[in-house]
>>> print(open('target.txt').read())   # compact mmCIF, C-alpha atoms and all ligand atoms
# COMPACT_ATOMS: atom_id res chain seq x y z
CA MET A 1 110.57 146.39 100.33
CA ILE A 2 111.73 145.61 96.83
CA ILE A 3 109.23 143.56 94.88
CA ASN A 4 109.49 141.76 91.57
CA THR A 5 106.82 139.79 89.76
CA SER A 6 108.26 136.48 90.84
CA ARG A 7 108.06 137.44 94.57
CA TYR A 8 104.47 138.54 93.97
CA ILE A 9 103.46 135.33 92.17
CA THR A 10 105.18 133.11 94.75
CA ALA A 11 103.56 134.89 97.70
CA ARG A 12 100.12 134.66 96.07
CA LYS A 13 100.72 130.93 95.61
CA CYS A 14 102.04 130.14 99.07
CA TRP A 15 103.35 132.44 101.80
CA ARG A 16 105.54 129.68 103.22
CA MET A 17 107.18 129.21 99.82
CA ALA A 18 107.84 132.96 99.62
CA PHE A 19 109.30 132.82 103.12
CA ASN A 20 111.57 129.87 102.27
CA GLU A 21 112.86 131.49 99.11
CA THR A 22 113.33 135.02 100.41
CA HIS A 23 114.18 134.68 104.09
CA ARG A 24 115.84 131.27 104.16
CA ARG A 25 117.27 131.89 100.70
CA LEU A 26 116.54 128.38 99.55
CA ALA A 27 115.83 127.48 95.94
CA GLU A 28 114.89 124.55 93.78
CA GLY A 29 117.63 123.13 91.60
CA LYS A 30 117.68 124.96 88.28
CA ALA A 31 115.59 123.14 85.66
CA TRP A 32 116.82 122.75 82.07
CA ALA A 33 113.89 124.86 80.86
CA LEU A 34 115.23 127.80 82.89
CA ILE A 35 118.81 127.30 81.78
CA ASP A 36 117.82 127.08 78.08
CA GLY A 37 115.43 130.03 78.43
CA GLY A 38 118.02 132.22 80.19
CA SER A 39 120.63 131.50 77.52
CA VAL A 40 118.19 132.22 74.68
CA HIS A 41 117.19 135.50 76.34
CA ALA A 42 120.83 136.60 76.60
CA GLY A 43 121.38 135.81 72.90
CA ILE A 44 118.21 137.56 71.70
CA ALA A 45 119.17 140.68 73.71
CA THR A 46 122.45 140.83 71.76
CA GLY A 47 120.70 140.16 68.45
CA LEU A 48 118.14 142.91 68.99
CA ALA A 49 120.81 145.38 70.12
CA SER A 50 123.35 144.73 67.38
CA GLY A 51 121.43 143.03 64.57
CA ASN A 52 124.33 140.56 64.52
CA TRP A 53 122.83 137.11 65.07
CA ASP A 54 126.20 135.31 64.97
CA GLU A 55 127.22 137.41 67.93
CA ALA A 56 123.82 136.59 69.47
CA LYS A 57 124.57 132.87 69.18
CA ARG A 58 128.00 133.36 70.78
CA ASP A 59 126.45 135.23 73.73
CA ALA A 60 123.69 132.65 74.16
CA LEU A 61 126.24 129.84 74.25
CA ALA A 62 128.52 131.77 76.61
CA GLU A 63 125.56 132.22 78.97
CA PHE A 64 124.75 128.52 78.66
CA ASP A 65 128.36 127.53 79.47
CA LYS A 66 128.36 129.87 82.46
CA SER A 67 125.20 128.24 83.79
CA GLN A 68 126.97 124.85 83.63
CA GLU A 69 129.95 125.93 85.73
CA ASN A 70 128.20 124.99 88.98
CA ASN A 71 125.82 122.40 87.59
CA PRO A 72 126.09 119.35 89.84
CA PHE A 73 124.73 117.06 87.08
CA GLN A 74 127.41 117.93 84.57
CA ALA A 75 129.72 115.03 85.36
CA PHE A 76 127.24 112.33 84.35
CA GLU A 77 125.07 114.17 81.88
CA PHE A 78 127.54 115.21 79.19
CA GLN A 79 125.30 114.10 76.33
CA VAL A 80 122.29 115.93 77.74
CA VAL A 81 124.38 119.08 78.20
CA ASP A 82 125.46 118.88 74.55
CA GLU A 83 121.88 118.37 73.37
CA HIS A 84 120.69 121.44 75.26
CA ARG A 85 123.60 123.51 73.96
CA THR A 86 122.66 122.58 70.36
CA LEU A 87 119.02 123.37 71.12
CA VAL A 88 119.92 126.85 72.40
CA GLU A 89 121.86 127.53 69.19
CA ALA A 90 118.93 126.32 67.06
CA MET A 91 116.46 128.50 69.00
CA ILE A 92 118.54 131.63 68.31
CA GLU A 93 118.74 130.71 64.60
CA LEU A 94 114.95 130.26 64.48
CA TYR A 95 114.34 133.57 66.26
CA ALA A 96 116.70 135.40 63.89
CA ARG A 97 114.89 133.95 60.83
CA GLU A 98 111.47 134.89 62.18
CA TYR A 99 112.50 138.35 63.37
CA ASP A 100 114.18 139.26 60.10
CA GLY A 101 111.99 141.60 58.04
CA THR A 102 109.29 142.13 60.68
CA GLY A 103 109.96 145.88 60.71
CA TRP A 104 110.09 146.34 64.48
CA ILE A 105 112.26 149.25 65.58
CA VAL A 106 114.11 148.38 68.78
CA LEU A 107 114.16 151.42 71.06
CA GLN A 108 115.81 149.64 73.97
CA PRO A 109 116.89 146.01 74.25
CA GLU A 110 116.87 144.52 77.78
CA LEU A 111 115.89 147.21 80.22
CA GLU A 112 116.57 146.73 83.92
CA PHE A 113 114.53 148.97 86.16
CA THR A 114 113.93 149.68 89.84
CA TYR A 115 111.11 152.15 90.22
CA GLU A 116 109.56 153.68 93.34
CA ILE A 117 105.87 152.80 93.81
CA PRO A 118 104.09 156.10 94.47
CA GLY A 119 102.34 156.66 97.81
CA THR A 120 104.12 153.84 99.66
CA LEU A 121 106.37 155.66 102.16
CA HIS A 122 106.39 153.64 105.38
CA ASP A 123 108.65 152.62 108.25
CA CYS A 124 110.54 149.97 106.26
CA ILE A 125 112.24 146.90 107.77
CA PHE A 126 113.83 145.92 104.42
CA VAL A 127 116.93 148.04 104.98
CA PRO A 128 120.47 146.64 104.88
CA ASP A 129 121.08 147.06 108.63
CA SER A 130 117.80 145.57 109.80
CA GLY A 131 119.42 142.14 110.32
CA LEU A 132 117.34 140.44 107.59
CA TYR A 133 120.28 139.85 105.28
CA SER A 134 122.88 137.99 107.29
CA PRO A 135 125.26 136.04 105.00
CA ASP A 136 125.83 133.49 107.77
CA PHE A 137 123.59 130.42 107.37
CA LYS A 138 123.21 129.73 111.10
CA GLU A 139 122.42 133.38 111.75
CA GLN A 140 119.85 133.28 108.92
CA GLN A 141 118.22 130.25 110.48
CA LYS A 142 117.96 132.03 113.81
CA ILE A 143 116.35 135.02 112.11
CA ALA A 144 114.00 132.76 110.08
CA ASP A 145 113.07 130.91 113.26
CA SER A 146 112.36 134.08 115.20
CA ILE A 147 110.34 135.61 112.31
CA LEU A 148 108.09 132.53 112.25
CA GLU A 149 107.63 132.77 116.00
CA GLY A 150 106.89 136.49 115.82
CA ARG A 151 109.93 137.27 118.00
CA TRP A 152 112.14 139.04 115.43
CA LYS A 153 112.59 142.77 115.90
CA PRO A 154 114.52 144.75 113.27
CA ALA A 155 117.79 146.29 114.42
CA LYS A 156 116.94 149.30 112.28
CA THR A 157 114.05 150.70 110.22
CA GLU A 158 113.89 153.68 107.85
CA LEU A 159 111.20 155.75 106.18
CA LYS A 160 111.22 154.29 102.65
CA PRO A 161 108.86 153.51 99.74
CA HIS A 162 108.28 150.09 98.16
CA TYR A 163 110.08 149.55 94.85
CA LEU A 164 109.24 147.45 91.82
CA THR A 165 112.23 145.91 90.09
CA GLY A 166 112.55 143.79 86.96
CA LYS A 167 114.06 143.33 83.52
CA CYS A 168 112.03 143.85 80.31
CA ASP A 169 113.21 141.97 77.22
CA ALA A 170 112.91 145.02 74.93
CA ILE A 171 110.94 148.16 74.12
CA VAL A 172 110.01 148.37 70.45
CA GLN A 173 108.13 150.66 68.13
CA GLN A 174 105.88 150.08 65.12
CA ASP A 175 103.65 152.55 63.26
CA GLY A 176 104.17 155.21 65.93
CA ASN A 177 103.16 152.95 68.82
CA ILE A 178 105.39 151.69 71.61
CA TRP A 179 105.20 148.04 72.65
CA LEU A 180 106.87 145.85 75.23
CA PHE A 181 108.62 142.88 73.57
CA GLU A 182 108.78 139.67 75.64
CA HIS A 183 110.24 136.31 74.64
CA LYS A 184 109.30 132.96 76.11
CA THR A 185 110.39 129.40 75.51
CA THR A 186 107.70 126.84 76.21
CA SER A 187 106.71 123.24 75.65
CA ILE A 188 102.96 123.95 75.81
CA MET A 189 101.83 124.24 72.22
CA ASN A 190 98.18 125.22 72.52
CA GLU A 191 95.75 128.02 73.46
CA GLY A 192 96.42 127.20 77.12
CA PHE A 193 99.79 128.88 76.67
CA TRP A 194 98.41 132.02 74.97
CA SER A 195 95.36 132.52 77.18
CA GLN A 196 97.38 132.75 80.42
CA TRP A 197 98.93 136.01 79.11
CA LEU A 198 95.50 137.67 78.89
CA MET A 199 95.81 138.35 82.63
CA ASP A 200 99.42 137.63 83.60
CA ILE A 201 100.95 140.23 85.90
CA GLN A 202 104.53 140.13 84.58
CA PRO A 203 104.09 141.97 81.25
CA ARG A 204 101.63 144.40 82.90
CA ALA A 205 104.18 145.20 85.61
CA TYR A 206 106.79 145.91 82.92
CA LEU A 207 104.31 148.09 81.00
CA TRP A 208 103.66 150.03 84.21
CA ALA A 209 107.41 150.59 84.69
CA ILE A 210 107.91 151.68 81.05
CA TRP A 211 104.97 154.07 81.33
CA LYS A 212 106.35 155.58 84.56
CA MET A 213 109.92 155.84 83.28
CA LEU A 214 109.21 157.19 79.77
CA GLY A 215 105.97 159.04 80.52
CA ILE A 216 104.40 157.30 77.50
CA MET A 217 101.89 154.52 77.87
CA PRO A 218 102.76 151.56 75.64
CA LYS A 219 100.00 150.09 73.50
CA GLY A 220 100.50 146.64 74.99
CA PHE A 221 102.96 143.80 74.66
CA VAL A 222 104.14 141.45 71.95
CA LEU A 223 104.83 137.90 73.03
CA ASN A 224 107.32 135.97 70.93
CA ALA A 225 107.20 132.29 71.80
CA ILE A 226 109.58 129.52 70.82
CA PHE A 227 107.96 126.13 71.30
CA LYS A 228 110.37 123.35 72.15
CA PRO A 229 109.42 119.82 73.20
CA THR A 230 110.35 118.35 76.57
CA GLU A 231 112.42 115.17 76.61
CA ARG A 232 109.25 113.22 77.42
CA GLN A 233 107.27 114.73 74.52
CA LEU A 234 110.17 114.02 72.17
CA ALA A 235 110.39 110.38 73.27
CA GLN A 236 106.61 109.93 72.85
CA TRP A 237 106.52 111.51 69.38
CA ASN A 238 109.52 109.50 68.22
CA ALA A 239 107.91 106.29 69.53
CA LYS A 240 104.92 107.00 67.29
CA ARG A 241 107.15 107.25 64.22
CA ARG A 242 107.54 103.43 64.25
CA GLY A 243 110.82 102.85 62.55
CA ALA A 244 110.96 106.08 60.59
CA ASP A 245 114.00 108.28 61.30
CA VAL A 246 113.87 109.64 64.81
CA LYS A 247 113.66 113.39 65.07
CA SER A 248 115.61 115.70 67.36
CA ALA A 249 114.17 118.52 69.50
CA GLU A 250 115.43 121.03 66.87
CA ASP A 251 113.16 119.43 64.24
CA TYR A 252 110.11 120.28 66.35
CA LEU A 253 111.00 123.92 67.17
CA LYS A 254 108.27 126.39 66.25
CA PHE A 255 107.91 130.15 66.51
CA GLU A 256 104.75 132.18 67.01
CA SER A 257 104.13 135.80 67.95
CA ARG A 258 100.98 137.50 69.28
CA LYS A 259 100.08 141.04 70.32
CA TYR A 260 98.12 141.86 73.50
CA LEU A 261 96.53 145.29 73.89
CA CYS A 262 96.42 146.60 77.47
CA SER A 263 94.24 149.33 78.95
CA GLU A 264 95.38 152.06 81.33
CA ALA A 265 93.14 150.66 84.10
CA GLU A 266 94.63 147.21 83.67
CA ILE A 267 98.18 148.54 83.95
CA MET A 268 97.36 150.79 86.92
CA SER A 269 95.93 147.83 88.85
CA VAL A 270 99.49 146.52 89.02
CA GLU A 271 100.53 149.48 91.17
CA ARG A 272 97.81 148.69 93.74
CA LYS A 273 98.71 145.00 93.77
CA PHE A 274 102.38 145.64 94.48
CA LYS A 275 101.57 148.23 97.15
CA TRP A 276 99.36 145.64 98.84
CA LEU A 277 102.08 142.99 98.61
CA GLY A 278 104.76 145.23 100.17
CA ASP A 279 102.53 146.22 103.11
CA GLU A 280 101.26 142.68 103.60
CA TRP A 281 104.74 141.10 103.48
CA GLU A 282 106.23 143.47 106.03
CA GLY A 283 103.17 142.99 108.24
CA ARG A 284 103.67 139.22 108.07
CA ILE A 285 107.32 139.52 109.12
CA LYS A 286 106.35 141.67 112.08
CA SER A 287 103.63 139.27 113.19
CA GLY A 288 105.36 136.03 112.14
CA ILE A 289 102.49 134.76 109.96
CA PHE A 290 103.77 132.79 106.97
CA PRO A 291 101.24 129.93 106.84
CA LEU A 292 101.59 126.71 104.90
CA ALA A 293 99.44 126.56 101.76
CA ASP A 294 96.05 124.97 102.25
CA LEU A 295 95.46 124.20 98.60
CA ARG A 296 96.34 120.74 97.29
CA THR A 297 97.10 122.16 93.89
CA THR A 298 99.84 124.39 95.29
CA CYS A 299 101.83 121.74 97.15
CA PHE A 300 101.41 119.22 94.31
CA SER A 301 100.96 120.95 91.01
CA TYR A 302 101.16 119.06 87.70
CA ASN A 303 101.50 115.92 89.86
CA ARG A 304 104.85 117.12 91.13
CA PRO A 305 105.46 117.94 94.78
CA CYS A 306 106.73 121.40 95.65
CA ALA A 307 110.47 121.45 96.43
CA PHE A 308 109.74 122.29 100.07
CA THR A 309 107.29 119.45 100.77
CA ASN A 310 109.78 117.53 102.96
CA MET A 311 110.33 120.57 105.08
CA CYS A 312 106.66 121.44 105.34
CA THR A 313 105.62 117.92 106.28
CA SER A 314 108.44 117.49 108.81
CA VAL A 315 107.17 116.23 112.16
CA SER A 316 109.83 118.10 114.13
CA GLY A 317 107.42 121.00 114.26
CA GLU A 318 110.18 123.46 113.46
CA HIS A 319 110.04 123.33 109.65
CA LEU A 320 113.64 124.48 109.54
CA VAL A 321 116.66 123.31 107.59
CA GLU A 322 119.42 122.44 110.06
CA ASP A 323 122.05 121.97 107.42
CA PRO A 324 121.83 123.19 103.80
CA ASN A 325 123.36 119.94 102.53
CA SER A 326 120.71 117.86 104.23
CA TYR A 327 118.04 119.10 101.87
CA ASP A 328 118.41 117.79 98.31
CA HIS A 329 116.29 120.31 96.47
CA CYS A 330 117.59 123.40 98.18
CA ASP A 331 120.71 125.29 97.63
CA LEU A 332 121.81 128.08 99.86
CA ARG A 333 122.06 131.27 97.88
CA GLU A 334 123.80 134.50 98.45
CA LEU A 335 121.60 137.54 98.26
CA ASP A 336 119.29 137.27 95.26
CA TYR A 337 119.31 139.95 92.57
CA VAL A 338 116.22 141.65 94.02
CA THR A 339 117.85 142.15 97.41
CA LYS A 340 121.11 143.23 95.76
CA ARG A 341 119.18 146.09 94.13
CA LEU A 342 118.44 147.35 97.62
CA TYR A 343 122.16 147.95 98.05
CA HIS A 344 122.29 149.74 94.66
CA ILE A 345 119.55 152.09 95.85
CA GLU A 346 121.43 152.68 99.12
CA GLU A 347 124.62 153.44 97.18
CA ALA A 348 122.82 155.79 94.76
CA GLU A 349 121.15 157.60 97.67
CA LYS A 350 124.50 157.96 99.47
CA GLN A 351 126.13 159.40 96.32
CA GLU A 352 123.21 161.77 95.82
CA ALA A 353 123.49 162.98 99.45
CA GLU A 354 127.26 163.50 99.02
CA ARG A 355 126.69 165.47 95.80
CA GLU A 356 124.16 167.69 97.57
CA GLU A 357 126.58 168.21 100.45
CA ASP A 358 129.41 169.11 98.03
CA SER A 359 127.30 171.53 96.03
CA GLY A 360 126.23 173.17 99.32
CA THR A 361 129.85 173.95 100.19
CA PHE A 362 130.38 176.14 97.09
S1 LIG A 401 104.92 122.27 100.29
FE1 LIG A 401 103.00 123.44 100.13
S2 LIG A 401 102.98 124.67 102.02
FE2 LIG A 401 105.06 123.97 101.75
S3 LIG A 401 106.12 125.62 100.64
FE3 LIG A 401 105.38 124.14 99.13
S4 LIG A 401 103.39 124.91 98.51
FE4 LIG A 401 103.88 125.94 100.41
>>> encode(input="target.txt", output="structure tokens", more="lines below")
Ligand code: SF4
Amino acid sequence: MIINTSRYITARKCWRMAFNETHRRLAEGKAWALIDGGSVHAGIATGLASGNWDEAKRDALAEFDKSQENNPFQAFEFQVVDEHRTLVEAMIELYAREYDGTGWIVLQPELEFTYEIPGTLHDCIFVPDSGLYSPDFKEQQKIADSILEGRWKPAKTELKPHYLTGKCDAIVQQDGNIWLFEHKTTSIMNEGFWSQWLMDIQPRAYLWAIWKMLGIMPKGFVLNAIFKPTERQLAQWNAKRRGADVKSAEDYLKFESRKYLCSEAEIMSVERKFKWLGDEWEGRIKSGIFPLADLRTTCFSYNRPCAFTNMCTSVSGEHLVEDPNSYDHCDLRELDYVTKRLYHIEEAEKQEAEREEDSGTF
């Protein structure tokens, strides 16, 4: 199977959530934080690659506009859309100011990777012809239903390894050491934000991939964070100003950067975790065990219910979505980028086999 950090984190949180997202291909509506963050990432990638921060702003805004093409809220949220567009521009300007003169040498901006996890060859059901990836919604539902009941049998399996896939923000160098560069936008402005990265799997997974691909172990990762207030924080802070000029989100933007050293043992533990996840996930499909979470904090975290709560608390007993439009928070997706990479691997393997065949004929 192809694993990324988000599949790992979701499955560790709740297997039913992982099932809904991967096998029913349902997703929460995209939050503004993700749209802003994605646009800023696209802009920073251009800035780091070219050193041209005007171009970076253009790319960030182009990414933002693209994200709005299918935004169902656009028609009645014009002002909000404009505010977020301005915020994205301001975040790129702030990043450019802070990055200028830091002396980092960018070896590779934005690196997409799909890397084989060693020692994981197995009879894999995550192959294009297994029947798991039907584009037809009704067909998908039948497959989802039969997986949960332990009835689904793959049409085809193949001897394959598990793969880890992902996209690093950049690989940089300073004083002869290689570092992973990651950027985050966040509204949490305290140690709670920084301490979570002491153990987070995402940067460690990227460090593992860089190490495997380049054969050089990076020293650790550098986290560049742009703090931006939520609409609620902004309203509360402005309310406290009592008559003084109200401030905009741009006025509260802040930048901070910290380095995290990582040991070889820490990075290697990632490989074992992903191997476990791949084996466990395929085992769960074969046996049909994708239980509902039993932790209150998972179904209702930060006082917000999980997007799938309606489905999971349905009394029909089926826990299935009959019609994609009947479920507000879900939107039926085509294959996600992780699954699409499966087809890239297939294509690359086919080309490789053809090349070998051709060279054998001469
Ligand atoms: S509502 Fe709870 S059990 Fe259902 S998908 Fe969400 S976290 Fe999992």
>>> residues_near_ligand(input="target.txt", ligand="ligand LIG 401 (chain A)", cutoff="8 Å", atoms="all atoms listed in the file", output="PyMOL selection string")
chain A and resi 13-18+20+291-296+298-300+305-313
>>> residues_around(input="target.txt", residues="region 119-132 of chain A", least_positions_apart="6", cutoff="7 Å", atoms="all atoms listed in the file", output="list in words")
Met1, Pro154, Ala155, Lys156, Thr157, Glu158, Leu159, Lys160, Pro161, His162 and Lys275 of chain A
>>> residues_around(input="target.txt", residues="region 76-89 of chain A", least_positions_apart="6", cutoff="10 Å", atoms="all atoms listed in the file", output="number ranges by chain")
A: 32-33, 35-41, 43, 54, 56-58, 60-62, 64-65, 68, 228, 231, 248-251, 253
>>> write_last_selection(input="target.txt", atoms="C-alpha atoms", output="PDB file, in the frame of the given file")
ATOM      1  CA  TRP A  32     116.820 122.750  82.070  1.00  0.00           C
ATOM      2  CA  ALA A  33     113.890 124.860  80.860  1.00  0.00           C
ATOM      3  CA  ILE A  35     118.810 127.300  81.780  1.00  0.00           C
ATOM      4  CA  ASP A  36     117.820 127.080  78.080  1.00  0.00           C
ATOM      5  CA  GLY A  37     115.430 130.030  78.430  1.00  0.00           C
ATOM      6  CA  GLY A  38     118.020 132.220  80.190  1.00  0.00           C
ATOM      7  CA  SER A  39     120.630 131.500  77.520  1.00  0.00           C
ATOM      8  CA  VAL A  40     118.190 132.220  74.680  1.00  0.00           C
ATOM      9  CA  HIS A  41     117.190 135.500  76.340  1.00  0.00           C
ATOM     10  CA  GLY A  43     121.380 135.810  72.900  1.00  0.00           C
ATOM     11  CA  ASP A  54     126.200 135.310  64.970  1.00  0.00           C
ATOM     12  CA  ALA A  56     123.820 136.590  69.470  1.00  0.00           C
ATOM     13  CA  LYS A  57     124.570 132.870  69.180  1.00  0.00           C
ATOM     14  CA  ARG A  58     128.000 133.360  70.780  1.00  0.00           C
ATOM     15  CA  ALA A  60     123.690 132.650  74.160  1.00  0.00           C
ATOM     16  CA  LEU A  61     126.240 129.840  74.250  1.00  0.00           C
ATOM     17  CA  ALA A  62     128.520 131.770  76.610  1.00  0.00           C
ATOM     18  CA  PHE A  64     124.750 128.520  78.660  1.00  0.00           C
ATOM     19  CA  ASP A  65     128.360 127.530  79.470  1.00  0.00           C
ATOM     20  CA  GLN A  68     126.970 124.850  83.630  1.00  0.00           C
ATOM     21  CA  LYS A 228     110.370 123.350  72.150  1.00  0.00           C
ATOM     22  CA  GLU A 231     112.420 115.170  76.610  1.00  0.00           C
ATOM     23  CA  SER A 248     115.610 115.700  67.360  1.00  0.00           C
ATOM     24  CA  ALA A 249     114.170 118.520  69.500  1.00  0.00           C
ATOM     25  CA  GLU A 250     115.430 121.030  66.870  1.00  0.00           C
ATOM     26  CA  ASP A 251     113.160 119.430  64.240  1.00  0.00           C
ATOM     27  CA  LEU A 253     111.000 123.920  67.170  1.00  0.00           C
TER      28      LEU A 253
END
>>> closest_residue(input="target.txt", among="A:Ile345, A:Leu261, A:Ala31, A:Met268", to="Thr230 (chain A)", atoms="all atoms listed in the file")
A:Ala31
>>> closest_residue(input="target.txt", among="A:Gly51, A:Gly288, A:Pro118, A:Pro135", to="Ile105 (chain A)", atoms="all atoms listed in the file")
A:Gly51
>>> residues_near_point(input="target.txt", point="(105.6, 153.4, 67.4)", cutoff="9 Å", atoms="all atoms listed in the file", output="ChimeraX atom specification")
/A:104-105,172-179,218-219
>>> closest_residue(input="target.txt", among="A:Glu110, A:Glu334, A:Glu149, A:Asp200", to="Ile9 (chain A)", atoms="all atoms listed in the file")
A:Asp200
>>> atom_distance(input="target.txt", atom1="CA of Ile44 (chain A)", atom2="CA of Ile92 (chain A)")
6.8 Å
>>> residues_around(input="target.txt", residues="Ile289 (chain A)", least_positions_apart="3", cutoff="8 Å", atoms="all atoms listed in the file", output="ChimeraX atom specification")
/A:148,150,284-285
>>> atom_distance(input="target.txt", atom1="CA of Gly47 (chain A)", atom2="CA of Leu207 (chain A)")
22.1 Å
>>> build_atoms(input="target.txt", residues="region 11-24 of chain A", atoms="N, CA and C atoms", output="tab-separated table (two decimals), in the coordinates of the input")
chain	number	residue	atom	x	y	z
A	11	ALA	N	104.31	134.60	96.47
A	11	ALA	CA	103.56	134.89	97.70
A	11	ALA	C	102.07	134.62	97.52
A	12	ARG	N	101.55	134.91	96.33
A	12	ARG	CA	100.12	134.66	96.07
A	12	ARG	C	99.84	133.16	96.06
A	13	LYS	N	100.88	132.38	95.65
A	13	LYS	CA	100.72	130.93	95.61
A	13	LYS	C	100.78	130.35	97.02
A	14	CYS	N	101.86	130.70	97.73
A	14	CYS	CA	102.04	130.14	99.07
A	14	CYS	C	102.98	131.05	99.86
A	15	TRP	N	102.50	131.54	101.00
A	15	TRP	CA	103.35	132.44	101.80
A	15	TRP	C	104.56	131.72	102.36
A	16	ARG	N	104.40	130.42	102.67
A	16	ARG	CA	105.54	129.68	103.22
A	16	ARG	C	106.64	129.51	102.16
A	17	MET	N	106.20	129.35	100.92
A	17	MET	CA	107.18	129.21	99.82
A	17	MET	C	107.94	130.54	99.66
A	18	ALA	N	107.20	131.65	99.74
A	18	ALA	CA	107.84	132.96	99.62
A	18	ALA	C	108.83	133.16	100.77
A	19	PHE	N	108.44	132.70	101.95
A	19	PHE	CA	109.30	132.82	103.12
A	19	PHE	C	110.58	132.00	102.92
A	20	ASN	N	110.41	130.75	102.48
A	20	ASN	CA	111.57	129.87	102.27
A	20	ASN	C	112.54	130.46	101.25
A	21	GLU	N	111.98	130.99	100.18
A	21	GLU	CA	112.86	131.49	99.11
A	21	GLU	C	113.53	132.81	99.50
A	22	THR	N	112.78	133.69	100.15
A	22	THR	CA	113.33	135.02	100.41
A	22	THR	C	114.09	135.09	101.73
A	23	HIS	N	113.54	134.50	102.78
A	23	HIS	CA	114.18	134.68	104.09
A	23	HIS	C	115.10	133.54	104.48
A	24	ARG	N	114.86	132.34	103.94
A	24	ARG	CA	115.84	131.27	104.16
A	24	ARG	C	116.80	131.18	102.99
